[in-house]
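Here's the structure, in structure tokens; my notes come after.
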Amino acid sequence: MSRDPARAASQFFGGRVCLDFANTLDWRLTDSPVELIPDFAALLAWSERRGILPTRALTKLRQHGGESSAREVIHVAHWLRTQIWSIAEDLIAGRRARLGTLNDHLAELPSQPGLRVHHSRYVFELDGSEPQQTLWPVLWSLTAVLVSEDAGRLGTCQGQGCGWYFVDESPNRSRTWCSSEVCGNRERVRRAYARRRAKS
Ligand SMILES: [Zn+2]
């Protein structure tokens with residue numbers, strides 16, 4: 001596989017926070033997927049790059065790195081990711097999404113805080129006082145997708161083994177790749193090679 005993990009962890013092709021979060025297991029559909037958020041520090045680094053937490057919260061959250069609650073958050077993060085995959089698969093197939101225990105999880109969330117400007121975009125005003133806060137912007141993004149037209153526009157990359165999700169915002173819903181530069185090019189090369197081999 002040709003995608004460098006550090007680069008993959010900085011590529012946001014999903015178009016929504018929760019889908020980019022779902023895409024933090026690279027080469028999801030292969031026998032050797034690459035974990036892009038193996039620990040709490042990696043999750044915070046991802047959140048910082050994705051721009052979903054205020055700087056003050058990130059600074060405070062980094063102090064929790066070694067705590068058992070931070071390790072627990074990574075378990076929940078990986079669980080949440082599987083939930084998003086399953087919801088996305090249902091929606092792409094035109095089925096009603098199986099929410100499973102997601103609603104129980106949502107019921108435990110506090111009400112959404114106010115917003116603040118962070119690097120010319122808006123983030124939730126979280127204070128970083130507890131590691132679980134790291135996942136809240138992802139959960140709120142997921143609810144926003146589910147209650148909007150986005151839910152009918154989800155797609156998944158057709159690149160072999162990729163499995164990344166996105167909101168297909170093309171006018172005729174024809175988006176095929178997470179990125180034409182990444183999977184599109186790779187697939188074109190792979191298919192051309194397969195054709196040449198078939199001919200020889
Ligand atoms: Zn792809």
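Labels used: A, B, ... for chains in the order of the structure tokens, numbers from 1 for residues in each chain, and numbers from 1 for ligands as shown.
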
Compile the contact shell of A:Arg3 as a VMD selection string: residues with an atom at most 10 Å away, counting only C-alpha atoms, same-chain residues fewer than 2 positions apart removed. chain A and resid 1 5 to 9 26 to 27 34 182 to 183

List every residue of chain A that has an atom at most 10 Å from any atom of ligand 1, giving for each one its closest atom pair and the distance in Å to one decimal, counting only C-alpha atoms and all ligand atoms, sorted by chain and then by ascending residue number, as a tab-separated table.
residue	atom	partner	partner_atom_place_in_ligand_line	distance
A:Arg3	CA	ligand 1	1 (Zn)	10.0
A:Phe13	CA	ligand 1	1 (Zn)	8.9
A:Asn23	CA	ligand 1	1 (Zn)	9.6
A:Asp26	CA	ligand 1	1 (Zn)	9.1
A:Trp27	CA	ligand 1	1 (Zn)	8.3
A:Arg28	CA	ligand 1	1 (Zn)	10.0
A:Thr156	CA	ligand 1	1 (Zn)	7.8
A:Cys157	CA	ligand 1	1 (Zn)	4.6
A:Gln158	CA	ligand 1	1 (Zn)	6.5
A:Gly159	CA	ligand 1	1 (Zn)	4.9
A:Gln160	CA	ligand 1	1 (Zn)	7.7
A:Gly161	CA	ligand 1	1 (Zn)	7.9
A:Cys162	CA	ligand 1	1 (Zn)	4.6
A:Gly163	CA	ligand 1	1 (Zn)	6.3
A:Trp164	CA	ligand 1	1 (Zn)	5.6
A:Tyr165	CA	ligand 1	1 (Zn)	8.2
A:Phe166	CA	ligand 1	1 (Zn)	9.7
A:Thr176	CA	ligand 1	1 (Zn)	8.5
A:Trp177	CA	ligand 1	1 (Zn)	5.3
A:Cys178	CA	ligand 1	1 (Zn)	4.2
A:Ser179	CA	ligand 1	1 (Zn)	6.1
A:Ser180	CA	ligand 1	1 (Zn)	8.1
A:Glu181	CA	ligand 1	1 (Zn)	9.4
A:Val182	CA	ligand 1	1 (Zn)	6.7
A:Cys183	CA	ligand 1	1 (Zn)	4.5
A:Gly184	CA	ligand 1	1 (Zn)	7.4
A:Asn185	CA	ligand 1	1 (Zn)	10.0
A:Arg186	CA	ligand 1	1 (Zn)	9.1
A:Glu187	CA	ligand 1	1 (Zn)	9.2

Saved selection, atoms kept: N, CA and C atoms, as a compact mmCIF listing (two decimals), in the first residue's frame:
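So the final result, stored in again08.txt, reads:
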# COMPACT_ATOMS: atom_id res chain seq x y z
N ARG A 3 0.06 4.55 0.65
CA ARG A 3 -0.26 5.79 1.35
C ARG A 3 0.51 5.85 2.66
N PHE A 13 -10.85 13.85 3.35
CA PHE A 13 -11.64 13.80 2.12
C PHE A 13 -13.11 13.53 2.40
N ASN A 23 -12.60 7.61 8.79
CA ASN A 23 -11.50 7.28 7.88
C ASN A 23 -10.14 7.22 8.57
N ASP A 26 -6.83 3.37 8.01
CA ASP A 26 -6.47 3.42 6.60
C ASP A 26 -6.44 2.00 6.03
N TRP A 27 -6.78 1.87 4.77
CA TRP A 27 -6.85 0.56 4.10
C TRP A 27 -7.75 -0.37 4.91
N ARG A 28 -8.90 0.19 5.27
CA ARG A 28 -9.85 -0.50 6.13
C ARG A 28 -10.27 -1.85 5.56
N THR A 156 -18.75 5.74 -0.60
CA THR A 156 -17.49 5.15 -0.15
C THR A 156 -16.56 4.99 -1.34
N CYS A 157 -15.29 5.16 -1.09
CA CYS A 157 -14.29 5.12 -2.16
C CYS A 157 -14.25 3.74 -2.82
N GLN A 158 -14.18 3.75 -4.15
CA GLN A 158 -14.14 2.49 -4.89
C GLN A 158 -12.72 1.98 -5.11
N GLY A 159 -11.74 2.70 -4.57
CA GLY A 159 -10.36 2.23 -4.66
C GLY A 159 -10.22 0.91 -3.90
N GLN A 160 -9.49 -0.03 -4.48
CA GLN A 160 -9.38 -1.36 -3.87
C GLN A 160 -8.80 -1.27 -2.46
N GLY A 161 -9.54 -1.75 -1.47
CA GLY A 161 -9.04 -1.80 -0.10
C GLY A 161 -9.20 -0.51 0.68
N CYS A 162 -9.59 0.59 0.03
CA CYS A 162 -9.59 1.90 0.70
C CYS A 162 -10.71 1.98 1.75
N GLY A 163 -11.95 2.01 1.29
CA GLY A 163 -13.07 2.02 2.24
C GLY A 163 -13.34 3.35 2.92
N TRP A 164 -12.70 4.42 2.47
CA TRP A 164 -12.97 5.72 3.10
C TRP A 164 -14.35 6.22 2.66
N TYR A 165 -14.98 6.93 3.59
CA TYR A 165 -16.33 7.45 3.35
C TYR A 165 -16.27 8.95 3.04
N PHE A 166 -17.31 9.41 2.38
CA PHE A 166 -17.41 10.84 2.08
C PHE A 166 -18.87 11.21 1.86
N THR A 176 -16.52 8.87 -7.14
CA THR A 176 -16.06 7.48 -7.07
C THR A 176 -14.94 7.30 -6.05
N TRP A 177 -14.13 8.34 -5.90
CA TRP A 177 -12.92 8.19 -5.09
C TRP A 177 -12.94 9.08 -3.85
N CYS A 178 -12.20 8.63 -2.82
CA CYS A 178 -11.95 9.54 -1.70
C CYS A 178 -11.21 10.75 -2.26
N SER A 179 -10.26 10.49 -3.14
CA SER A 179 -9.50 11.55 -3.80
C SER A 179 -9.03 11.02 -5.14
N SER A 180 -9.26 11.80 -6.20
CA SER A 180 -8.82 11.30 -7.51
C SER A 180 -7.29 11.26 -7.58
N GLU A 181 -6.63 12.13 -6.80
CA GLU A 181 -5.16 12.13 -6.82
C GLU A 181 -4.60 10.90 -6.09
N VAL A 182 -5.32 10.45 -5.08
CA VAL A 182 -4.80 9.31 -4.31
C VAL A 182 -5.36 8.01 -4.90
N CYS A 183 -6.59 7.67 -4.58
CA CYS A 183 -7.13 6.39 -5.03
C CYS A 183 -7.43 6.37 -6.53
N GLY A 184 -7.89 7.50 -7.07
CA GLY A 184 -8.20 7.55 -8.50
C GLY A 184 -6.99 7.18 -9.33
N ASN A 185 -5.87 7.84 -9.05
CA ASN A 185 -4.63 7.57 -9.80
C ASN A 185 -4.16 6.15 -9.60
N ARG A 186 -4.21 5.70 -8.37
CA ARG A 186 -3.72 4.36 -8.04
C ARG A 186 -4.55 3.30 -8.78
N GLU A 187 -5.87 3.52 -8.79
CA GLU A 187 -6.75 2.56 -9.47
C GLU A 187 -6.53 2.57 -10.98

So that I can check the surroundings of A:Ile92, please list as a ChimeraX atom specification every protein, DNA and RNA residue that reaches within 8 Å of it, counting only C-alpha atoms and ignoring chain neighbours fewer than 6 positions away. /A:152-155

Can you spit out the residues from that selection as a tab-separated table (two decimals), in the first residue's frame, using N, CA and C atoms?
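selection-v3.tsv was written with the following content:
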chain	number	residue	atom	x	y	z
A	152	GLY	N	-28.44	11.09	2.94
A	152	GLY	CA	-28.77	10.46	1.66
A	152	GLY	C	-27.68	10.62	0.62
A	153	ARG	N	-26.56	11.18	1.02
A	153	ARG	CA	-25.50	11.47	0.04
A	153	ARG	C	-24.17	10.81	0.40
A	154	LEU	N	-24.22	9.82	1.27
A	154	LEU	CA	-22.95	9.20	1.66
A	154	LEU	C	-22.46	8.28	0.57
A	155	GLY	N	-21.16	8.22	0.46
A	155	GLY	CA	-20.54	7.32	-0.51
A	155	GLY	C	-19.28	6.74	0.07

List as number ranges by chain the protein and nucleic acid residues near stretch 111-114 of chain A, meaning an atom at most 10 Å away when only C-alpha atoms are counted, but skip any in the same chain fewer than 4 places from it. A: 106-107, 122-127, 136-137, 140

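Comparing A:Ala77, A:Val117, A:Ala45, A:Ala22 by their smallest distance to A:Leu61, the closest is A:Ala45 (using only C-alpha atoms).
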
For the structure I just gave you, how does DSSP split stretch 8-126 of chain A - specifically, which residues are strand (DSSP E)? Reply as number ranges by chain. A: 25-26, 34-35, 115-118, 121-124

Can I get the selected residues back with C-alpha atoms, as a PDB file, in the first residue's frame?
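See again.pdb below for the written result:
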ATOM      1  CA  LEU A  25      -8.388   3.357   9.833  1.00  0.00           C
ATOM      2  CA  ASP A  26      -6.473   3.416   6.595  1.00  0.00           C
ATOM      3  CA  VAL A  34      -3.284   0.922   9.276  1.00  0.00           C
ATOM      4  CA  GLU A  35      -4.435   2.479  12.545  1.00  0.00           C
ATOM      5  CA  LEU A 115     -18.986  28.241  19.625  1.00  0.00           C
ATOM      6  CA  ARG A 116     -15.764  30.142  19.287  1.00  0.00           C
ATOM      7  CA  VAL A 117     -13.619  31.110  16.348  1.00  0.00           C
ATOM      8  CA  HIS A 118     -10.509  29.007  15.948  1.00  0.00           C
ATOM      9  CA  ARG A 121     -13.514  28.478  11.596  1.00  0.00           C
ATOM     10  CA  TYR A 122     -15.921  27.644  14.389  1.00  0.00           C
ATOM     11  CA  VAL A 123     -15.338  25.100  17.103  1.00  0.00           C
ATOM     12  CA  PHE A 124     -17.307  24.059  20.140  1.00  0.00           C
TER      13      PHE A 124
END

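Excluding A:Gly65 and any residue on its chain fewer than 5 positions from it, the residues at most 10 Å away by only C-alpha atoms are Asp39, Phe40, Ala41, Leu44, Lys60, Ala70, Arg71 and Pro131 of chain A.
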
Since we have the selection now, will you write its residues out, keeping C-alpha atoms, as a compact mmCIF listing (two decimals), in the first residue's frame?
# COMPACT_ATOMS: atom_id res chain seq x y z
CA ASP A 39 -3.51 6.21 21.25
CA PHE A 40 -4.82 9.34 22.91
CA ALA A 41 -1.90 11.48 21.75
CA LEU A 44 -5.46 14.71 19.92
CA LYS A 60 -5.44 20.83 28.76
CA ALA A 70 -7.58 8.70 28.26
CA ARG A 71 -6.96 5.04 27.43
CA PRO A 131 -10.68 13.23 27.90
